[in-house]
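Q: mmCIF, C-alpha atoms, pLDDT in the B column; chains and numbers go by the auth columns, file data.cif:
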```cif
data_structure
#
loop_
_atom_site.group_PDB
_atom_site.id
_atom_site.type_symbol
_atom_site.label_atom_id
_atom_site.label_comp_id
_atom_site.label_asym_id
_atom_site.label_seq_id
_atom_site.Cartn_x
_atom_site.Cartn_y
_atom_site.Cartn_z
_atom_site.B_iso_or_equiv
_atom_site.auth_seq_id
_atom_site.auth_asym_id
ATOM 1 C CA MET A 1 124.625 -142.564 -87.066 92.00 1 A
ATOM 2 C CA ALA A 2 126.684 -145.726 -87.533 93.00 2 A
ATOM 3 C CA SER A 3 126.075 -147.319 -84.141 92.00 3 A
ATOM 4 C CA LEU A 4 124.258 -146.606 -80.885 90.00 4 A
ATOM 5 C CA ASN A 5 126.453 -148.798 -78.697 86.00 5 A
ATOM 6 C CA PRO A 6 129.137 -147.582 -78.887 87.00 6 A
ATOM 7 C CA LEU A 7 127.831 -144.233 -80.122 92.00 7 A
ATOM 8 C CA VAL A 8 129.572 -143.731 -83.471 94.00 8 A
ATOM 9 C CA ILE A 9 128.962 -141.172 -86.206 94.00 9 A
ATOM 10 C CA ALA A 10 129.987 -141.751 -89.825 93.00 10 A
ATOM 11 C CA THR A 11 130.823 -138.889 -92.162 92.00 11 A
ATOM 12 C CA SER A 12 132.160 -138.319 -95.638 89.00 12 A
ATOM 13 C CA VAL A 13 134.224 -135.432 -94.218 88.00 13 A
ATOM 14 C CA ASP A 14 137.674 -136.027 -92.743 87.00 14 A
ATOM 15 C CA ALA A 15 137.422 -133.619 -89.806 91.00 15 A
ATOM 16 C CA GLY A 16 140.675 -134.527 -88.080 92.00 16 A
ATOM 17 C CA GLN A 17 141.207 -136.351 -84.807 93.00 17 A
ATOM 18 C CA HIS A 18 139.087 -134.313 -82.359 95.00 18 A
ATOM 19 C CA PRO A 19 136.334 -132.375 -84.152 96.00 19 A
ATOM 20 C CA VAL A 20 133.246 -130.781 -82.609 97.00 20 A
ATOM 21 C CA LEU A 21 129.853 -131.333 -84.201 96.00 21 A
ATOM 22 C CA GLU A 22 127.591 -128.345 -83.561 97.00 22 A
ATOM 23 C CA TYR A 23 123.805 -128.201 -83.854 96.00 23 A
ATOM 24 C CA ARG A 24 122.389 -124.728 -84.523 96.00 24 A
ATOM 25 C CA ASP A 25 118.934 -123.304 -85.061 92.00 25 A
ATOM 26 C CA ASN A 26 118.399 -122.680 -88.782 89.00 26 A
ATOM 27 C CA GLU A 27 116.725 -119.307 -88.271 86.00 27 A
ATOM 28 C CA SER A 28 118.534 -117.711 -85.339 88.00 28 A
ATOM 29 C CA GLY A 29 121.889 -119.459 -85.674 91.00 29 A
ATOM 30 C CA LYS A 30 121.783 -120.095 -81.919 92.00 30 A
ATOM 31 C CA LEU A 31 123.904 -123.000 -80.718 96.00 31 A
ATOM 32 C CA LEU A 32 121.542 -125.702 -79.458 96.00 32 A
ATOM 33 C CA GLY A 33 124.101 -128.351 -78.605 96.00 33 A
ATOM 34 C CA ALA A 34 127.421 -129.924 -79.509 97.00 34 A
ATOM 35 C CA LEU A 35 129.106 -133.321 -79.566 97.00 35 A
ATOM 36 C CA HIS A 36 132.845 -133.703 -79.039 97.00 36 A
ATOM 37 C CA LEU A 37 134.181 -136.492 -81.223 97.00 37 A
ATOM 38 C CA VAL A 38 137.272 -138.683 -81.402 96.00 38 A
ATOM 39 C CA ARG A 39 138.450 -140.345 -84.612 93.00 39 A
ATOM 40 C CA ASP A 40 137.708 -144.063 -84.457 87.00 40 A
ATOM 41 C CA ALA A 41 139.973 -146.792 -85.763 74.00 41 A
ATOM 42 C CA SER A 42 137.120 -148.808 -87.298 63.00 42 A
ATOM 43 C CA ASP A 43 137.950 -150.460 -90.603 55.00 43 A
ATOM 44 C CA ILE A 44 136.355 -148.304 -93.290 60.00 44 A
ATOM 45 C CA GLY A 45 136.755 -150.864 -96.057 58.00 45 A
ATOM 46 C CA ALA A 46 136.632 -149.362 -99.534 59.00 46 A
ATOM 47 C CA THR A 47 134.275 -146.514 -98.637 67.00 47 A
ATOM 48 C CA SER A 48 136.768 -143.805 -97.595 81.00 48 A
ATOM 49 C CA LEU A 49 134.456 -142.737 -94.777 89.00 49 A
ATOM 50 C CA ALA A 50 135.516 -141.401 -91.397 91.00 50 A
ATOM 51 C CA PHE A 51 134.105 -142.796 -88.162 93.00 51 A
ATOM 52 C CA TYR A 52 133.987 -140.828 -84.924 95.00 52 A
ATOM 53 C CA ARG A 53 133.131 -141.959 -81.431 95.00 53 A
ATOM 54 C CA VAL A 54 131.239 -139.502 -79.274 95.00 54 A
ATOM 55 C CA ALA A 55 133.401 -138.548 -76.290 95.00 55 A
ATOM 56 C CA SER A 56 131.136 -135.954 -74.655 94.00 56 A
ATOM 57 C CA GLY A 57 128.328 -133.552 -75.373 94.00 57 A
ATOM 58 C CA ASP A 58 126.071 -130.848 -74.025 93.00 58 A
ATOM 59 C CA HIS A 59 122.963 -128.942 -75.055 93.00 59 A
ATOM 60 C CA HIS A 60 121.505 -125.514 -74.301 91.00 60 A
ATOM 61 C CA CYS A 61 117.818 -126.132 -74.938 91.00 61 A
ATOM 62 C CA LEU A 62 116.901 -125.954 -71.246 86.00 62 A
ATOM 63 C CA SER A 63 118.039 -123.751 -68.382 81.00 63 A
ATOM 64 C CA VAL A 64 120.822 -125.241 -66.269 72.00 64 A
ATOM 65 C CA PRO A 65 118.525 -126.402 -63.414 67.00 65 A
ATOM 66 C CA ARG A 66 116.008 -127.939 -65.814 73.00 66 A
ATOM 67 C CA ARG A 67 118.807 -129.481 -67.865 71.00 67 A
ATOM 68 C CA SER A 68 120.195 -131.277 -64.829 72.00 68 A
ATOM 69 C CA TRP A 69 116.749 -132.413 -63.705 64.00 69 A
ATOM 70 C CA ASN A 70 115.866 -133.685 -67.186 69.00 70 A
ATOM 71 C CA ALA A 71 119.153 -135.600 -67.400 68.00 71 A
ATOM 72 C CA TRP A 72 118.572 -137.117 -63.945 61.00 72 A
ATOM 73 C CA LEU A 73 115.083 -138.315 -64.915 66.00 73 A
ATOM 74 C CA GLN A 74 116.314 -139.816 -68.183 67.00 74 A
ATOM 75 C CA ASN A 75 119.260 -141.512 -66.485 64.00 75 A
ATOM 76 C CA ARG A 76 116.984 -143.016 -63.847 67.00 76 A
ATOM 77 C CA MET A 77 114.655 -144.383 -66.517 66.00 77 A
ATOM 78 C CA MET A 78 117.565 -145.831 -68.509 62.00 78 A
ATOM 79 C CA ARG A 79 119.072 -147.543 -65.460 61.00 79 A
ATOM 80 C CA LYS A 80 115.683 -149.015 -64.617 65.00 80 A
ATOM 81 C CA ASN A 81 115.157 -150.354 -68.145 62.00 81 A
ATOM 82 C CA ARG A 82 118.777 -151.023 -69.095 57.00 82 A
ATOM 83 C CA SER A 83 118.454 -154.795 -69.095 55.00 83 A
ATOM 84 C CA SER A 84 115.284 -154.739 -71.209 52.00 84 A
ATOM 85 C CA ASN A 85 116.091 -152.136 -73.876 52.00 85 A
ATOM 86 C CA GLY A 86 118.339 -154.530 -75.799 55.00 86 A
ATOM 87 C CA LEU A 87 121.187 -152.045 -76.204 54.00 87 A
ATOM 88 C CA ASN A 88 122.567 -152.046 -72.649 59.00 88 A
ATOM 89 C CA THR A 89 123.457 -148.402 -73.296 66.00 89 A
ATOM 90 C CA ASP A 90 125.099 -146.278 -70.642 69.00 90 A
ATOM 91 C CA PRO A 91 122.835 -143.386 -69.540 73.00 91 A
ATOM 92 C CA VAL A 92 125.534 -140.857 -70.457 78.00 92 A
ATOM 93 C CA ALA A 93 125.574 -142.227 -74.007 81.00 93 A
ATOM 94 C CA VAL A 94 121.790 -141.845 -74.159 83.00 94 A
ATOM 95 C CA GLN A 95 122.160 -138.165 -73.242 87.00 95 A
ATOM 96 C CA GLN A 96 124.690 -137.785 -76.048 91.00 96 A
ATOM 97 C CA LEU A 97 122.372 -139.585 -78.467 91.00 97 A
ATOM 98 C CA MET A 98 119.558 -137.149 -77.646 92.00 98 A
ATOM 99 C CA ILE A 99 121.887 -134.296 -78.630 94.00 99 A
ATOM 100 C CA ALA A 100 122.347 -135.975 -82.020 95.00 100 A
ATOM 101 C CA TYR A 101 118.557 -135.892 -82.352 95.00 101 A
ATOM 102 C CA LEU A 102 118.635 -132.080 -82.276 96.00 102 A
ATOM 103 C CA CYS A 103 118.772 -132.626 -86.009 94.00 103 A
ATOM 104 C CA PRO A 104 115.353 -134.335 -86.456 95.00 104 A
ATOM 105 C CA LYS A 105 115.662 -137.804 -87.940 96.00 105 A
ATOM 106 C CA PRO A 106 113.195 -138.805 -90.675 96.00 106 A
ATOM 107 C CA VAL A 107 111.483 -142.138 -90.096 97.00 107 A
ATOM 108 C CA VAL A 108 111.284 -144.617 -92.955 98.00 108 A
ATOM 109 C CA LEU A 109 109.858 -148.060 -93.501 98.00 109 A
ATOM 110 C CA VAL A 110 112.517 -150.396 -94.860 98.00 110 A
ATOM 111 C CA SER A 111 111.272 -153.000 -97.351 98.00 111 A
ATOM 112 C CA VAL A 112 113.121 -156.225 -98.109 98.00 112 A
ATOM 113 C CA ASN A 113 111.818 -158.754 -100.628 97.00 113 A
ATOM 114 C CA THR A 114 113.449 -161.943 -101.918 96.00 114 A
ATOM 115 C CA ASP A 115 112.118 -165.358 -102.923 93.00 115 A
ATOM 116 C CA GLY A 116 112.541 -166.670 -99.388 93.00 116 A
ATOM 117 C CA HIS A 117 112.202 -163.566 -97.243 97.00 117 A
ATOM 118 C CA GLN A 118 109.944 -160.542 -97.056 97.00 118 A
ATOM 119 C CA ASN A 119 109.881 -157.842 -94.416 98.00 119 A
ATOM 120 C CA ILE A 120 109.092 -154.213 -93.624 98.00 120 A
ATOM 121 C CA PHE A 121 110.146 -152.359 -90.472 98.00 121 A
ATOM 122 C CA PRO A 122 110.768 -148.776 -89.269 98.00 122 A
ATOM 123 C CA MET A 123 114.132 -147.134 -88.708 96.00 123 A
ATOM 124 C CA ASP A 124 115.608 -143.650 -88.436 96.00 124 A
ATOM 125 C CA LEU A 125 119.363 -144.287 -88.353 96.00 125 A
ATOM 126 C CA ILE A 126 119.726 -143.273 -91.983 96.00 126 A
ATOM 127 C CA GLY A 127 121.312 -140.438 -93.882 93.00 127 A
ATOM 128 C CA PRO A 128 123.146 -139.260 -96.990 94.00 128 A
ATOM 129 C CA LEU A 129 126.940 -139.081 -97.074 91.00 129 A
ATOM 130 C CA ASP A 130 126.928 -136.444 -99.783 84.00 130 A
ATOM 131 C CA ARG A 131 130.612 -135.883 -100.440 79.00 131 A
ATOM 132 C CA ARG A 132 131.078 -139.546 -101.349 80.00 132 A
ATOM 133 C CA GLY A 133 127.666 -140.000 -102.940 88.00 133 A
ATOM 134 C CA TYR A 134 126.670 -142.691 -100.453 93.00 134 A
ATOM 135 C CA PHE A 135 123.584 -143.269 -98.328 96.00 135 A
ATOM 136 C CA SER A 136 123.876 -145.056 -94.992 96.00 136 A
ATOM 137 C CA LEU A 137 121.719 -147.331 -92.871 97.00 137 A
ATOM 138 C CA ALA A 138 122.599 -148.493 -89.343 96.00 138 A
ATOM 139 C CA LEU A 139 120.571 -151.508 -88.290 96.00 139 A
ATOM 140 C CA ARG A 140 120.692 -153.631 -85.164 95.00 140 A
ATOM 141 C CA THR A 141 122.655 -156.748 -86.088 96.00 141 A
ATOM 142 C CA THR A 142 119.973 -158.853 -84.378 95.00 142 A
ATOM 143 C CA ASN A 143 117.412 -157.697 -86.956 97.00 143 A
ATOM 144 C CA VAL A 144 116.085 -160.776 -88.743 98.00 144 A
ATOM 145 C CA SER A 145 116.632 -159.204 -92.181 98.00 145 A
ATOM 146 C CA VAL A 146 120.308 -158.285 -91.784 98.00 146 A
ATOM 147 C CA PRO A 147 121.676 -161.516 -93.388 97.00 147 A
ATOM 148 C CA ILE A 148 119.212 -161.133 -96.269 97.00 148 A
ATOM 149 C CA LEU A 149 120.244 -157.518 -96.885 97.00 149 A
ATOM 150 C CA ARG A 150 123.891 -158.507 -96.960 96.00 150 A
ATOM 151 C CA GLU A 151 123.159 -161.176 -99.565 96.00 151 A
ATOM 152 C CA ALA A 152 120.511 -159.444 -101.705 96.00 152 A
ATOM 153 C CA ARG A 153 122.246 -156.024 -101.611 96.00 153 A
ATOM 154 C CA ARG A 154 119.087 -154.116 -102.447 97.00 154 A
ATOM 155 C CA VAL A 155 116.486 -152.370 -100.317 98.00 155 A
ATOM 156 C CA ALA A 156 113.688 -149.791 -100.619 98.00 156 A
ATOM 157 C CA LEU A 157 112.873 -146.972 -98.199 98.00 157 A
ATOM 158 C CA SER A 158 109.393 -145.471 -97.833 98.00 158 A
ATOM 159 C CA HIS A 159 109.475 -142.034 -96.199 97.00 159 A
ATOM 160 C CA VAL A 160 106.220 -142.136 -94.282 96.00 160 A
ATOM 161 C CA PRO A 161 103.657 -139.415 -93.512 96.00 161 A
ATOM 162 C CA ALA A 162 103.402 -138.301 -89.893 96.00 162 A
ATOM 163 C CA THR A 163 99.798 -139.500 -89.808 95.00 163 A
ATOM 164 C CA MET A 164 101.045 -143.104 -90.087 96.00 164 A
ATOM 165 C CA LYS A 165 102.914 -142.905 -86.770 96.00 165 A
ATOM 166 C CA GLN A 166 100.932 -145.531 -84.850 96.00 166 A
ATOM 167 C CA VAL A 167 100.912 -147.978 -87.756 96.00 167 A
ATOM 168 C CA VAL A 168 104.652 -147.501 -88.262 97.00 168 A
ATOM 169 C CA TYR A 169 105.423 -148.132 -84.594 96.00 169 A
ATOM 170 C CA ARG A 170 103.421 -151.358 -84.619 96.00 170 A
ATOM 171 C CA LEU A 171 105.659 -152.643 -87.399 97.00 171 A
ATOM 172 C CA SER A 172 108.638 -152.551 -85.002 96.00 172 A
ATOM 173 C CA GLU A 173 107.858 -156.211 -84.249 97.00 173 A
ATOM 174 C CA HIS A 174 109.309 -157.056 -87.654 97.00 174 A
ATOM 175 C CA HIS A 175 112.814 -156.265 -86.452 97.00 175 A
ATOM 176 C CA LYS A 176 112.575 -159.696 -84.816 96.00 176 A
ATOM 177 C CA GLN A 177 110.036 -161.509 -86.956 97.00 177 A
ATOM 178 C CA ALA A 178 109.781 -161.359 -90.747 97.00 178 A
ATOM 179 C CA LEU A 179 106.566 -160.390 -92.490 97.00 179 A
ATOM 180 C CA THR A 180 104.501 -163.351 -93.679 94.00 180 A
ATOM 181 C CA ASP A 181 102.188 -161.649 -96.183 95.00 181 A
ATOM 182 C CA TRP A 182 102.346 -158.214 -97.818 96.00 182 A
ATOM 183 C CA SER A 183 98.564 -158.196 -98.151 94.00 183 A
ATOM 184 C CA ALA A 184 98.219 -158.362 -94.356 93.00 184 A
ATOM 185 C CA LEU A 185 99.626 -154.851 -93.922 96.00 185 A
ATOM 186 C CA PRO A 186 97.145 -152.166 -92.777 95.00 186 A
ATOM 187 C CA PHE A 187 97.981 -149.935 -95.751 96.00 187 A
ATOM 188 C CA ALA A 188 98.263 -150.271 -99.507 96.00 188 A
ATOM 189 C CA VAL A 189 101.589 -151.114 -101.126 97.00 189 A
ATOM 190 C CA ARG A 190 102.927 -150.802 -104.665 97.00 190 A
ATOM 191 C CA SER A 191 106.065 -152.010 -106.417 97.00 191 A
ATOM 192 C CA SER A 192 109.155 -149.812 -106.381 97.00 192 A
ATOM 193 C CA ARG A 193 110.294 -148.511 -109.755 96.00 193 A
ATOM 194 C CA GLU A 194 113.532 -150.441 -110.385 96.00 194 A
ATOM 195 C CA PHE A 195 113.566 -153.405 -107.989 97.00 195 A
ATOM 196 C CA GLY A 196 109.836 -154.150 -107.751 97.00 196 A
ATOM 197 C CA ILE A 197 110.014 -154.230 -103.947 98.00 197 A
ATOM 198 C CA PRO A 198 106.685 -153.531 -102.171 98.00 198 A
ATOM 199 C CA VAL A 199 106.666 -149.997 -100.699 98.00 199 A
ATOM 200 C CA VAL A 200 104.077 -147.765 -99.064 97.00 200 A
ATOM 201 C CA ALA A 201 101.676 -146.607 -101.797 96.00 201 A
ATOM 202 C CA GLU A 202 101.105 -143.229 -100.102 94.00 202 A
ATOM 203 C CA ALA A 203 104.744 -142.582 -99.175 96.00 203 A
ATOM 204 C CA ARG A 204 106.122 -139.045 -99.293 95.00 204 A
ATOM 205 C CA ARG A 205 109.190 -140.375 -101.032 96.00 205 A
ATOM 206 C CA VAL A 206 110.571 -143.734 -102.097 97.00 206 A
ATOM 207 C CA GLN A 207 114.272 -144.449 -102.450 97.00 207 A
ATOM 208 C CA GLU A 208 115.776 -147.638 -103.815 98.00 208 A
ATOM 209 C CA LEU A 209 119.290 -148.433 -102.664 98.00 209 A
ATOM 210 C CA THR A 210 121.932 -150.908 -103.678 97.00 210 A
ATOM 211 C CA ILE A 211 124.257 -151.964 -100.858 97.00 211 A
ATOM 212 C CA VAL A 212 127.953 -151.653 -101.685 95.00 212 A
ATOM 213 C CA HIS A 213 129.513 -152.318 -98.273 93.00 213 A
ATOM 214 C CA SER A 214 128.532 -153.496 -94.794 93.00 214 A
ATOM 215 C CA GLN A 215 130.376 -153.944 -91.532 92.00 215 A
ATOM 216 C CA GLU A 216 129.552 -154.527 -87.889 93.00 216 A
ATOM 217 C CA ILE A 217 130.163 -151.611 -85.526 92.00 217 A
ATOM 218 C CA GLY A 218 129.297 -152.423 -81.945 89.00 218 A
ATOM 219 C CA LEU A 219 125.755 -153.793 -81.816 92.00 219 A
ATOM 220 C CA HIS A 220 124.854 -152.487 -85.286 94.00 220 A
ATOM 221 C CA THR A 221 125.500 -153.391 -88.896 96.00 221 A
ATOM 222 C CA PHE A 222 126.406 -150.306 -90.894 95.00 222 A
ATOM 223 C CA PHE A 223 125.322 -150.449 -94.546 96.00 223 A
ATOM 224 C CA VAL A 224 126.831 -148.144 -97.168 95.00 224 A
ATOM 225 C CA CYS A 225 124.562 -147.774 -100.187 96.00 225 A
ATOM 226 C CA ARG A 226 124.129 -146.023 -103.516 95.00 226 A
ATOM 227 C CA VAL A 227 120.790 -144.479 -104.460 96.00 227 A
ATOM 228 C CA VAL A 228 119.383 -146.173 -107.562 97.00 228 A
ATOM 229 C CA SER A 229 116.084 -144.286 -107.755 96.00 229 A
ATOM 230 C CA ASP A 230 114.406 -141.471 -105.838 96.00 230 A
ATOM 231 C CA GLU A 231 110.676 -140.894 -106.344 94.00 231 A
ATOM 232 C CA THR A 232 108.646 -138.045 -104.881 93.00 232 A
ATOM 233 C CA GLY A 233 105.188 -139.024 -103.647 87.00 233 A
ATOM 234 C CA VAL A 234 102.445 -137.251 -101.720 85.00 234 A
ATOM 235 C CA HIS A 235 103.193 -133.789 -100.292 90.00 235 A
ATOM 236 C CA VAL A 236 102.374 -134.221 -96.591 92.00 236 A
ATOM 237 C CA ALA A 237 104.306 -133.843 -93.344 93.00 237 A
ATOM 238 C CA GLN A 238 107.089 -136.415 -92.848 95.00 238 A
ATOM 239 C CA LEU A 239 107.314 -138.420 -89.622 96.00 239 A
ATOM 240 C CA HIS A 240 110.456 -137.350 -87.717 96.00 240 A
ATOM 241 C CA HIS A 241 112.038 -137.997 -84.316 95.00 241 A
ATOM 242 C CA THR A 242 113.724 -135.335 -82.206 94.00 242 A
ATOM 243 C CA ALA A 243 114.752 -134.906 -78.567 91.00 243 A
ATOM 244 C CA GLY A 244 112.133 -133.926 -75.995 90.00 244 A
ATOM 245 C CA PHE A 245 114.247 -131.025 -74.755 91.00 245 A
ATOM 246 C CA HIS A 246 114.446 -129.741 -78.340 93.00 246 A
ATOM 247 C CA GLN A 247 110.651 -129.634 -78.532 93.00 247 A
ATOM 248 C CA ALA A 248 110.563 -127.903 -75.117 91.00 248 A
ATOM 249 C CA HIS A 249 112.943 -125.266 -76.471 91.00 249 A
ATOM 250 C CA ARG A 250 110.759 -124.721 -79.521 92.00 250 A
ATOM 251 C CA LEU A 251 107.616 -124.539 -77.389 92.00 251 A
ATOM 252 C CA ARG A 252 109.135 -121.667 -75.416 90.00 252 A
ATOM 253 C CA ARG A 253 109.854 -119.890 -78.709 90.00 253 A
ATOM 254 C CA ARG A 254 106.272 -120.653 -79.865 90.00 254 A
ATOM 255 C CA VAL A 255 107.451 -122.594 -82.901 91.00 255 A
ATOM 256 C CA PRO A 256 106.900 -126.203 -81.791 90.00 256 A
ATOM 257 C CA PHE A 257 107.046 -129.146 -84.120 91.00 257 A
ATOM 258 C CA ALA A 258 103.615 -130.639 -84.824 90.00 258 A
ATOM 259 C CA GLU A 259 103.055 -133.730 -82.688 90.00 259 A
ATOM 260 C CA VAL A 260 100.992 -136.706 -83.764 84.00 260 A
#
```
Kindly present the structure from the file in structure tokens form.
A:
Amino acid sequence: MASLNPLVIATSVDAGQHPVLEYRDNESGKLLGALHLVRDASDIGATSLAFYRVASGDHHCLSVPRRSWNAWLQNRMMRKNRSSNGLNTDPVAVQQLMIAYLCPKPVVLVSVNTDGHQNIFPMDLIGPLDRRGYFSLALRTTNVSVPILREARRVALSHVPATMKQVVYRLSEHHKQALTDWSALPFAVRSSREFGIPVVAEARRVQELTIVHSQEIGLHTFFVCRVVSDETGVHVAQLHHTAGFHQAHRLRRRVPFAEV
């Protein structure tokens, strides 16, 4: 994901002007949902990446009556909270975003550390762009650490265990306010291997990235990175996000994701 408003997907694959992105169950091959895309004219800089705006989408995780009812409930909630969610996102775009979450998104804690700025906050708009060897981050431009990331060009990601969910969510406040003291965190930290940036000591995985390009897309800043180091940590369940209707589908098949 490159941006939530407008809803834009970045890829290292040139899929033409009007591709369809399909989401299928790994075991059965059943089509769970699809997004219809349109090639975007965003400046791709020196990255040779393709950007696609989401034009429409649909999913098949619920029966037609339940699908319509679920969409109506979500749309009502979004209209009610539209002015307070910070994205001012159209309810239709939110429905399309939930389809993108049919592929569960891993949650990481992003660590930034310079002489004058330190911070750690959660995000899930991340992902590898394998054919170009890049790794991407899409961060709200209003995040207090965005100017620092653009200048320092280095960052560390801690892939967090599912059991840390509540702690991770509380750190969302650091999107707006930088961290004042690493020792004040409710968990132990250690230094990352190459950059020495504080990361979660009990992380499942730690990746250090160097930022090679950044650009604003809608309300987000899209960072294109290279992986400098990739360390495997503890072998526990990773915290992920997925759509509620995806979990409902899996519950009916008796293979639900574990919830924490």
Q: Taking the file as shown, what set of residues would the PyMOL selection byres ((chain A and resi 233) around 7) give back, as a PyMOL selection string?
A: chain A and resi 202-205+231-232+234-235
Q: Given the file shown, determine the residues that the PyMOL selection byres ((chain A and resi 151) around 12) selects; report them as a list in words.
A: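 Written out, the selection comes to Val112, Asn113, Thr114, Gly116, His117, Ser145, Val146, Pro147, Ile148, Leu149, Arg150, Ala152, Arg153, Arg154, Val155, Thr210, Ile211, Val212, His213 and Ser214 of chain A.
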Q: When the PyMOL selection byres ((chain A and resi 102) around 7) is applied to the file above, which residues end up in the set, as an NGL selection string?
A: :A and (23 or 98-101 or 103-104 or 242-243 or 246)
Q: Return the single residue from A:Pro198, A:Gly218, A:Gly57, A:Gly244 that is closest to Val110 (chain A), with distances computed using only C-alpha atoms.
A: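 Smallest distance to Val110 (chain A) is found for A:Pro198.
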Q: To one decimal place, how far is CA of Ser56 (chain A) from CA of Glu27 (chain A) in Å?
A: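 CA of Glu27 (chain A) lies 25.9 Å from CA of Ser56 (chain A).
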Q: Excluding Gln177 (chain A) and its own-chain neighbours fewer than 2 positions away, which residues fall within 10 Å of it when counting all atoms listed in the file? Please give them as a list in words.
A: Asn119, Ile120, Phe121, Asn143, Val144, Ser145, Leu171, Ser172, Glu173, His174, His175, Leu179 and Thr180 of chain A
